[in-house]
Every structure is written in structure tokens, then in C-alpha cells.
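J.: First the structure, which I've put down as C-alpha cells, then a few questions once you've had a look.
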Protein chains: 2
Amino acid sequence: MKKQTTKNAEKETRQRLMDAGLRLFGLHGVGATSTRALALEAGVNLSAIPYHFGGKEGLYRAVLEHTIGVKLAEVGPGLDRVLAACANPSAGRGELLAAMRTLVRTMVTVMLGSPESRSFSQIMMQEQIAPTGAFNIFHDGFFAKVHGVWTQLLGRLLGLPPESLELRLRALAVMGQMVIFRVGMSGILRVVGGEKLSDAHLECITRLCIQQVEAIVAGYEPACPELGAMSGLLEGAQ
Amino acid sequence: MKKQTTKNAEKETRQRLMDAGLRLFGLHGVGATSTRALALEAGVNLSAIPYHFGGKEGLYRAVLEHTIGVKLAEVGPGLDRVLAACANPSAGRGELLAAMRTLVRTMVTVMLGSPESRSFSQIMMQEQIAPTGAFNIFHDGFFAKVHGVWTQLLGRLLGLPPESLELRLRALAVMGQMVIFRVGMSGILRVVGGEKLSDAHLECITRLCIQQVEAIVAGYEPACPELGAMSGLLEGAQ
DNA sequence: GTCTATAGTCGGATAGAC
DNA sequence: GTCTATCCGACTATAGAC
């Protein structure tokens, strides 16, 4: 790599380090990523890390906050569509289901489609495995929002109160149908071959998730009525 | 910790190191776990690691292989129940669904119930995030087996051929409903409080997953018929 | 703001006494 | 088999030249 003292590198150093951080922190975690590897990957001097971010941890937090903003903007439209439908008291089943289809499509696309989504979900998984001080940035800033929207949507479709424990757990299970393709991506890719799923795969996953959610909604029967009154056990919506 | 030169420590050193490895590798990954931390956690001398396992990587592989054996034995009965039902050509829908319920209950219990299951799934997640040379031990030895059984079961219930891509992807999505409670456990526990889910939570999750799988089976409609003929894109059953 | 050089610490593995 | 002592490399962060 060439020297970076030219014009475009002057204010670009932070960005280059954050890009490198997204990749390497996702792959190896914070603890196993060395500042040397980060500097090398970014094509930047090692000392730029403590200088710009106060250290490795500071870079990690900066990467987290930036990436959350990006991803939230990507899923935002899908979430808003659902919230709009739920906010309309006269919205019928068809309207709610249409919003659900949009949300599933958005989530599959955002989670599985874009290349940097891999690093993002890797970091999310790292935080679930061993939460750091930055865990709440993800939890409150991203996961709880998405889970809250699914909870509202399913609450309307299933006729369950928003605080119902069963509802919140069901929202998790429904999301799991999509999330597993992210979580198990390495296993899937190992056999499919290649760096990412094809568009045909993504379309199939999208349709099949939509169809299964429709079936779940259509075939709903209460599973644990005795827990229906419990509330506050899971995080609140957005 | 007391000296361990007494009788019960002589052949126990390997076991103590593997226990410590399961915990620490799961929490921090191989790269971020130091041999010193392992030796301290195990109450064992540092030199025991290269001596008994040839090094840190050797200990990791030993932990993987041992834990897979344990976990496979735990889910084995549930898997066998399903395989038996599927092997019987005259097995009716009710019989297949009964086997499905047993399998869901077994998986939820094994994944979420036992305390060491947390470390096991943490290591599985680490391998999905950044596969090491030991990835196939998990993939072929555990995941592919479970996924293969679900594929067979759903194939019978949905009337899809075992090689169907849609079927294999659906098996993943169905498993995702259970897996997400493992993957997202940190977020769930953070709000529930405590070290593990209560029995009431586990029972609710079990019932709700069973009910949703039943709904999916009852409400099935082909989602991507044009991909029905594709085969070999995902790993084979057991 | 970016670099080199270096301080101070911790990493994994080994040699050799017991 | 288990221990102590130690090598040597890699780590993060900082000081100071430019």
C-alpha cells in the first residue's frame, strides 16, 4: 500500500480504521483482534488508533455505533410500514399481513443480501456470546426495536395483549426463522459454495418465511395461557 | 486451590483442562483465551496443556470432540424417535407429528436446559462466525445430523422429496424457531434476570414451538416450486 | 496528524529438576 | 506427570521527531 499522506487520506484515516474494525472485530472478536492487524488492514499507522479513538476499545465502540445507524436505516422502512399498519385501529387482517410480507422481505434482504451485513451480524453474535460493555448499544438500539415491532404485529394478528409473555416469545420464534440463515450461514455456504447466497436462494427463503408466518398466524392456538398475564419479562418495544 | 498432586488429580488433569476449555473457549473464543487463563481456571499447571494436548489447539479439538459426543447422546433419543417414524412407510400423520413433538421437546431441553449447553452453543456460534479447522467436526458430526432428521420429517409431512431445496431451507427455518432462544439468550436473560430461563419459560417455549410447527405443517403451500428440482445444494442427512 | 522507536506487559512453548 | 524458570515473540500504548 502506498503512503497515505496525500490529501484523501487525511480525514479518511478514521473511516479506513472503522471499515477494518468492522471486518476484523466481526471475524475474531475484540479480544483476539490486534491493533497491528487493524492498522495493516486499514493501511494506516498503528499509532492512529490510540490517536483517533483513544485505543482499541474506542474504535470498537465507534464501529458499533456507526454500523447500528446504517443497519437501522436499512430496516427502518420495513419497520415503519408495520408500525403504520398497527397504529391504524381499523387496519384489517389483509393490511397487516401485507405489512408483514414487506417486513420479512426487508429483513431477509438486509440480513442476508448486503456484503457488510455479514460483519455486522458477526459482531452481534459476538456480543450475544460474551456481552461487552457495548452490549446495550445493540440490544436497545437495534434488537429490541425489531423485536418490538414483531411483537406489535403478531399481537394484532393473534389477538394477544402486547405485554403477553407468550406473544413476546412467539415473536422471537418467528424471527428465528429468518435469523438462523444468518447464524448458520457458514454451514450453508460451505456446501453451496461461494461467498454469498444467490438471489434465487434469497427469494426462496423470503417466500418460504412469509408462507410459514402466514401459516403460523392462520393456525394459531394459545400454547401457554397460564403465563398470559406475566409482563415485563422481556424488553419493551422500541 | 489446593495442591493437586494427590491421587484423584493424577488422571483428572485432562478432564479439568477440558472443563475449563469448554467454559473459556466458549466465552472468548480460541484466539482470545490464554493458556494461563486455562491453567488457572482448571487449577492445573500451565505446562500440562502442551504436555497432554500438544498445545492450545489440541485442547480445543479435544473439547470439541468430547462435547459433541455428549450432546449427540442427549439429542439422540429424540432423533431416533423421528427416524423410526420416518422409516415406517405406513406411519400416519399423527405418528409423525407425535415424533415431531418429542424432537422439539428434546431440542429445547438440551439446548436451553442444561447449564453446560451454554458453553457448547457458544463454541458452535464461534465456529459459525469464524470457522476454524475444526468446523467440520461440528458441522458433519452434529448440525448436519439434526438438520437431516428435520428434513426427513418435514419431507414426509409436507410431501416434498428429500433432495428438495425448499424442503432443506424449510427445515432450517423451522429449527430457527428453537435456535434463536439459544443465540439470543444474552438479550433474553438480561431482562428476565438470573442465570437461566425458568422451567415455566422452557415449557412455554416448547409448547409454542410445537404449536407453530403444527401450524406450518397444516398450512403448507409450495413457496418456490421452480427450485424444487435443485438438489445437493445443502448438506446431506446424517 | 503521521511517523519511528521503545517501554512495559503478556503470550505460548520448552528445558530440565524432581 | 508435574513443577519452576526462562526464552522469545507479539501485544498495546506512548514519547518525541517531523
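Please note that chains go A, B, ... in the order of the C-alpha cells, that every chain numbers its residues from 1, and that ligands are numbered from 1 in the order shown.
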Over all Cα atoms in order, fit chain B to chain A and jot down the RMSD to one decimal place.
T.: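 Result: 0.1 Å C-alpha RMSD.
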J.: Give me the chain A side of the contact with chain D, cut-off 9 Å, one line per residue showing its nearest atom pair and distance in Å at one decimal, counting only C-alpha atoms (C1' of nucleotides), sorted by chain and residue number, as CSV.
T.:
residue,atom,partner,partner_atom,distance
A:Ser34,CA,D:DC11,C1',7.4
A:Thr35,CA,D:DT12,C1',7.5
A:Arg36,CA,D:DC11,C1',8.7
A:Ser47,CA,D:DA13,C1',8.4
A:Pro50,CA,D:DA13,C1',7.4
A:Gly55,CA,D:DA13,C1',8.1
A:Lys56,CA,D:DT12,C1',8.6
J.: For the residues in the current selection, export C-alpha atoms as a PDB file, in the first residue's frame.
T.:
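Output (selection23.pdb):
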ATOM      1  CA  SER A  34      -4.681  -6.898  17.434  1.00  0.00           C
ATOM      2  CA  THR A  35      -4.087  -3.244  16.773  1.00  0.00           C
ATOM      3  CA  ARG A  36      -1.354  -4.299  14.362  1.00  0.00           C
ATOM      4  CA  SER A  47      -0.488   4.948  16.351  1.00  0.00           C
ATOM      5  CA  PRO A  50      -4.981   5.488  20.097  1.00  0.00           C
ATOM      6  CA  GLY A  55      -7.485   2.827  21.885  1.00  0.00           C
ATOM      7  CA  LYS A  56      -8.851  -0.422  20.548  1.00  0.00           C
TER       8      LYS A  56
END
J.: Nearest to chain C: which of A:Ala48, A:Val149, A:Cys224, A:Val30 is it, counting only C-alpha atoms (C1' of nucleotides)?
T.: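 Under the stated criterion, the closest residue is A:Ala48.
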J.: What are the closest atom pairs, with distances in Å to one decimal, for each residue of chain C lying within 9 Å of chain B, using only C-alpha atoms (C1' of nucleotides), rows by chain and rising residue number, as a Markdown table?
T.:
| residue | atom | partner | partner_atom | distance |
| --- | --- | --- | --- | --- |
| C:DG11 | C1' | B:Ser34 | CA | 7.3 |
| C:DG12 | C1' | B:Thr35 | CA | 7.3 |
| C:DA13 | C1' | B:Pro50 | CA | 7.4 |
| C:DT14 | C1' | B:Ser47 | CA | 8.9 |
J.: I need the contact residues of chain A against chain B, so if you could list those with any atom within 6 Å, counting only C-alpha atoms, and return them as a ChimeraX atom specification, that would help.
T.: /A:27,31-32,122,128-130,173,176-177,180,186,191-192,204,207-208,212,215-216,219,223-224,233-234
J.: Save the residues we just selected, C-alpha atoms, as a JSON list (two decimals), in the first residue's frame?
T.:
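The result, stored in result_13.json:
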[["chain", "number", "residue", "atom", "x", "y", "z"],
["A", 27, "LEU", "CA", -14.27, -12.21, 12.38],
["A", 31, "GLY", "CA", -10.05, -9.51, 22.28],
["A", 32, "ALA", "CA", -8.49, -11.54, 19.50],
["A", 122, "GLN", "CA", -20.85, -11.48, 13.32],
["A", 128, "GLN", "CA", -24.58, -12.37, 22.38],
["A", 129, "ILE", "CA", -21.87, -14.90, 23.16],
["A", 130, "ALA", "CA", -19.98, -12.68, 25.56],
["A", 173, "ALA", "CA", -39.55, -17.76, 17.44],
["A", 176, "GLY", "CA", -35.72, -17.13, 14.41],
["A", 177, "GLN", "CA", -36.92, -18.49, 11.10],
["A", 180, "ILE", "CA", -31.00, -18.80, 11.52],
["A", 186, "SER", "CA", -21.07, -20.63, 7.39],
["A", 191, "VAL", "CA", -21.92, -26.65, 0.88],
["A", 192, "VAL", "CA", -23.48, -24.18, -1.52],
["A", 204, "CYS", "CA", -36.88, -18.78, -1.90],
["A", 207, "ARG", "CA", -41.20, -16.61, 0.18],
["A", 208, "LEU", "CA", -40.94, -19.59, 2.44],
["A", 212, "GLN", "CA", -44.70, -20.05, 7.18],
["A", 215, "ALA", "CA", -49.46, -20.44, 8.36],
["A", 216, "ILE", "CA", -48.47, -19.69, 11.95],
["A", 219, "GLY", "CA", -53.20, -21.86, 12.69],
["A", 223, "ALA", "CA", -49.89, -22.52, 23.89],
["A", 224, "CYS", "CA", -49.33, -21.33, 27.43],
["A", 233, "LEU", "CA", -40.20, -10.24, 31.48],
["A", 234, "LEU", "CA", -38.84, -9.31, 28.12]]
